[in-house]
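Working notes for the structure below.
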Amino acid sequence: MRHTRVMAGKRSAGIMLYRIGRSGLEVLIGHMGGPFWARKDAAAWSIPKGECDPVTEEPEAAARREFQEELGLAVPPGDLVELGDIKQSGGKIVTVWALQGDLDPAAVTLGTFEMQWPPGSGRFQHYPELDRVQWFAAADALDKLVVGQRIFIARLEAVLR
C-alpha cells in the first residue's frame with residue numbers, strides 16, 4: 001500500500017512496533033510525558049516519533065533515531081512498512097512506518113525534554129517524552145492514541161490483510 005507523501009513545514013517521523021499476540025494485532029505506543037498529559041489517558045498516547053528536519057534528514061532516518069532516543073533501545077531488525085503521512089490539526093506532518101517485532105516495555109529507558117512549568121514561572125524542568133510504553137490490542141489502541149494518529153492502525157490492518 002502506497003500513500004502520498006505530503007511536503008510541508010514541521011515534520012515528525014516514527015515507528016509503530018507491532019506483533020501478533022493472544023488478542024490478535026497488538027501495537028506498542030507510549031503515554032505522552034509532561035504535566036499537560038499527566039492525568040489524561042484517552043487520546044493521550046502516541047506512536048514513538050519526533051521531529052525531523054525535512055531539508056537535512058530523511059524521514060526514515062529520523063524515525064529510527066527518534067525510536068532509539070525515546071525508548072533507549074535500538075530499532076528491532078526487520079523491514080519497515082510505510083504507513084504514509086497524516087497532517088495533524090496543528091499542521092505538522094507525521095510519517096509513520098510499521099515494524100513487526102517485540103520488546104519488553106520494562107527494558108525501555110525513556111528520553112526527556114525540558115520545558116518551563118508552570119508557564120511563565122521561569123522555572124524549567126525535565127520531563128520524559130513518553131512516561132510509559134505499553135502493548136495494546138489494536139482496538140484498545142484506537143481509544144488511547146491521539147485522534148490524528150488513529151488512522152495508522154487502520155492502515156496497518158489493511159497492509160496485514
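In the C-alpha cells, chains take letters A, B, ... by order of appearance, with residues numbered from 1 within each chain and ligands from 1 in the order shown.
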
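Using only C-alpha atoms, the residues found no farther than 6 Å from stretch 39-50 of chain A, other than those of its own chain fewer than 6 positions away, are A:Ser12, A:Ala13, A:Gly14, A:Met16, A:Ile29, A:Gly30, A:His31, A:Met32, A:Glu66, A:Phe67, A:Asp143, A:Lys144, A:Leu145, A:Val146.
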
Okay, now the selection with C-alpha atoms, as a compact mmCIF listing (two decimals), in the first residue's frame?
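Written out: part14.txt:
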```
# COMPACT_ATOMS: atom_id res chain seq x y z
CA SER A 12 7.72 14.23 12.55
CA ALA A 13 8.52 10.62 11.82
CA GLY A 14 8.07 7.47 13.84
CA MET A 16 4.95 1.77 15.32
CA ILE A 29 2.52 3.02 21.96
CA GLY A 30 3.63 5.48 24.61
CA HIS A 31 1.79 7.75 27.02
CA MET A 32 2.93 11.32 26.44
CA GLU A 66 13.59 9.06 17.41
CA PHE A 67 12.67 5.45 18.28
CA ASP A 143 -9.07 4.80 22.17
CA LYS A 144 -5.61 5.54 23.58
CA LEU A 145 -3.93 7.20 20.58
CA VAL A 146 -4.29 10.90 19.88
```

Determine which residues of stretch 4-121 of chain A receive a DSSP assignment of strand (DSSP E or B), computed from the backbone, and state them as a ChimeraX atom specification.
/A:11-21,24-32,45-46,49-52,81-87,93-100,112-116

As a PDB file with N, CA and C atoms, in the first residue's frame, please: every residue in chain A that DSSP puts in alpha helix (DSSP H).
```pdb
ATOM      1  N   PRO A  59      12.971  11.248   6.436  1.00  0.00           N
ATOM      2  CA  PRO A  59      12.029  10.836   7.469  1.00  0.00           C
ATOM      3  C   PRO A  59      12.322   9.447   8.061  1.00  0.00           C
ATOM      4  N   GLU A  60      12.738   8.483   7.234  1.00  0.00           N
ATOM      5  CA  GLU A  60      13.017   7.147   7.779  1.00  0.00           C
ATOM      6  C   GLU A  60      14.192   7.192   8.760  1.00  0.00           C
ATOM      7  N   ALA A  61      15.213   7.950   8.440  1.00  0.00           N
ATOM      8  CA  ALA A  61      16.350   8.079   9.351  1.00  0.00           C
ATOM      9  C   ALA A  61      15.910   8.752  10.651  1.00  0.00           C
ATOM     10  N   ALA A  62      15.054   9.756  10.550  1.00  0.00           N
ATOM     11  CA  ALA A  62      14.540  10.436  11.744  1.00  0.00           C
ATOM     12  C   ALA A  62      13.691   9.482  12.578  1.00  0.00           C
ATOM     13  N   ALA A  63      12.885   8.665  11.925  1.00  0.00           N
ATOM     14  CA  ALA A  63      12.043   7.706  12.649  1.00  0.00           C
ATOM     15  C   ALA A  63      12.906   6.732  13.443  1.00  0.00           C
ATOM     16  N   ARG A  64      13.957   6.231  12.829  1.00  0.00           N
ATOM     17  CA  ARG A  64      14.865   5.307  13.518  1.00  0.00           C
ATOM     18  C   ARG A  64      15.576   6.005  14.685  1.00  0.00           C
ATOM     19  N   ARG A  65      16.035   7.229  14.467  1.00  0.00           N
ATOM     20  CA  ARG A  65      16.712   7.989  15.516  1.00  0.00           C
ATOM     21  C   ARG A  65      15.764   8.271  16.677  1.00  0.00           C
ATOM     22  N   GLU A  66      14.554   8.710  16.365  1.00  0.00           N
ATOM     23  CA  GLU A  66      13.590   9.057  17.409  1.00  0.00           C
ATOM     24  C   GLU A  66      13.156   7.833  18.219  1.00  0.00           C
ATOM     25  N   PHE A  67      13.008   6.684  17.559  1.00  0.00           N
ATOM     26  CA  PHE A  67      12.668   5.451  18.276  1.00  0.00           C
ATOM     27  C   PHE A  67      13.724   5.188  19.346  1.00  0.00           C
ATOM     28  N   GLN A  68      14.984   5.271  18.940  1.00  0.00           N
ATOM     29  CA  GLN A  68      16.083   4.999  19.872  1.00  0.00           C
ATOM     30  C   GLN A  68      16.154   6.071  20.963  1.00  0.00           C
ATOM     31  N   GLU A  69      15.962   7.339  20.606  1.00  0.00           N
ATOM     32  CA  GLU A  69      16.024   8.409  21.602  1.00  0.00           C
ATOM     33  C   GLU A  69      14.879   8.307  22.606  1.00  0.00           C
ATOM     34  N   GLU A  70      13.671   8.027  22.131  1.00  0.00           N
ATOM     35  CA  GLU A  70      12.513   8.000  23.022  1.00  0.00           C
ATOM     36  C   GLU A  70      12.444   6.747  23.875  1.00  0.00           C
ATOM     37  N   LEU A  71      12.904   5.618  23.343  1.00  0.00           N
ATOM     38  CA  LEU A  71      12.780   4.352  24.069  1.00  0.00           C
ATOM     39  C   LEU A  71      14.098   3.854  24.647  1.00  0.00           C
ATOM     40  N   ALA A 138      -5.059  -3.747  19.008  1.00  0.00           N
ATOM     41  CA  ALA A 138      -5.323  -2.650  18.067  1.00  0.00           C
ATOM     42  C   ALA A 138      -6.598  -1.886  18.418  1.00  0.00           C
ATOM     43  N   ALA A 139      -7.670  -2.588  18.766  1.00  0.00           N
ATOM     44  CA  ALA A 139      -8.937  -1.922  19.093  1.00  0.00           C
ATOM     45  C   ALA A 139      -8.789  -1.022  20.322  1.00  0.00           C
ATOM     46  N   ASP A 140      -8.034  -1.462  21.318  1.00  0.00           N
ATOM     47  CA  ASP A 140      -7.815  -0.648  22.512  1.00  0.00           C
ATOM     48  C   ASP A 140      -6.909   0.539  22.213  1.00  0.00           C
ATOM     49  N   ALA A 141      -5.951   0.350  21.331  1.00  0.00           N
ATOM     50  CA  ALA A 141      -5.038   1.435  20.956  1.00  0.00           C
ATOM     51  C   ALA A 141      -5.796   2.583  20.292  1.00  0.00           C
ATOM     52  N   LEU A 142      -6.874   2.262  19.607  1.00  0.00           N
ATOM     53  CA  LEU A 142      -7.658   3.314  18.952  1.00  0.00           C
ATOM     54  C   LEU A 142      -8.180   4.331  19.961  1.00  0.00           C
ATOM     55  N   ASP A 143      -8.578   3.882  21.138  1.00  0.00           N
ATOM     56  CA  ASP A 143      -9.065   4.803  22.173  1.00  0.00           C
ATOM     57  C   ASP A 143      -7.921   5.560  22.844  1.00  0.00           C
ATOM     58  N   LYS A 144      -6.745   4.956  22.876  1.00  0.00           N
ATOM     59  CA  LYS A 144      -5.607   5.539  23.579  1.00  0.00           C
ATOM     60  C   LYS A 144      -4.876   6.590  22.748  1.00  0.00           C
ATOM     61  N   ILE A 151      -5.495   6.728  12.383  1.00  0.00           N
ATOM     62  CA  ILE A 151      -5.543   6.212  11.008  1.00  0.00           C
ATOM     63  C   ILE A 151      -4.428   5.208  10.745  1.00  0.00           C
ATOM     64  N   PHE A 152      -3.316   5.326  11.455  1.00  0.00           N
ATOM     65  CA  PHE A 152      -2.200   4.406  11.222  1.00  0.00           C
ATOM     66  C   PHE A 152      -2.553   2.970  11.626  1.00  0.00           C
ATOM     67  N   ILE A 153      -3.451   2.796  12.582  1.00  0.00           N
ATOM     68  CA  ILE A 153      -3.905   1.449  12.952  1.00  0.00           C
ATOM     69  C   ILE A 153      -4.677   0.848  11.771  1.00  0.00           C
ATOM     70  N   ALA A 154      -5.591   1.607  11.196  1.00  0.00           N
ATOM     71  CA  ALA A 154      -6.372   1.125  10.048  1.00  0.00           C
ATOM     72  C   ALA A 154      -5.464   0.825   8.864  1.00  0.00           C
ATOM     73  N   ARG A 155      -4.487   1.657   8.633  1.00  0.00           N
ATOM     74  CA  ARG A 155      -3.551   1.422   7.526  1.00  0.00           C
ATOM     75  C   ARG A 155      -2.739   0.152   7.754  1.00  0.00           C
ATOM     76  N   LEU A 156      -2.300  -0.063   8.999  1.00  0.00           N
ATOM     77  CA  LEU A 156      -1.556  -1.286   9.298  1.00  0.00           C
ATOM     78  C   LEU A 156      -2.446  -2.522   9.116  1.00  0.00           C
ATOM     79  N   GLU A 157      -3.669  -2.455   9.611  1.00  0.00           N
ATOM     80  CA  GLU A 157      -4.591  -3.584   9.438  1.00  0.00           C
ATOM     81  C   GLU A 157      -4.816  -3.882   7.969  1.00  0.00           C
ATOM     82  N   ALA A 158      -4.919  -2.853   7.135  1.00  0.00           N
ATOM     83  CA  ALA A 158      -5.121  -3.050   5.695  1.00  0.00           C
ATOM     84  C   ALA A 158      -3.903  -3.733   5.067  1.00  0.00           C
ATOM     85  N   VAL A 159      -2.714  -3.328   5.484  1.00  0.00           N
ATOM     86  CA  VAL A 159      -1.472  -3.931   4.962  1.00  0.00           C
ATOM     87  C   VAL A 159      -1.408  -5.411   5.338  1.00  0.00           C
ATOM     88  N   LEU A 160      -1.840  -5.745   6.539  1.00  0.00           N
ATOM     89  CA  LEU A 160      -1.727  -7.118   7.035  1.00  0.00           C
ATOM     90  C   LEU A 160      -2.793  -8.057   6.504  1.00  0.00           C
TER      91      LEU A 160
END
```

Point-to-point distance in Å for atom CA of A:Gln88 and atom CA of A:Asp102:
27.7 Å
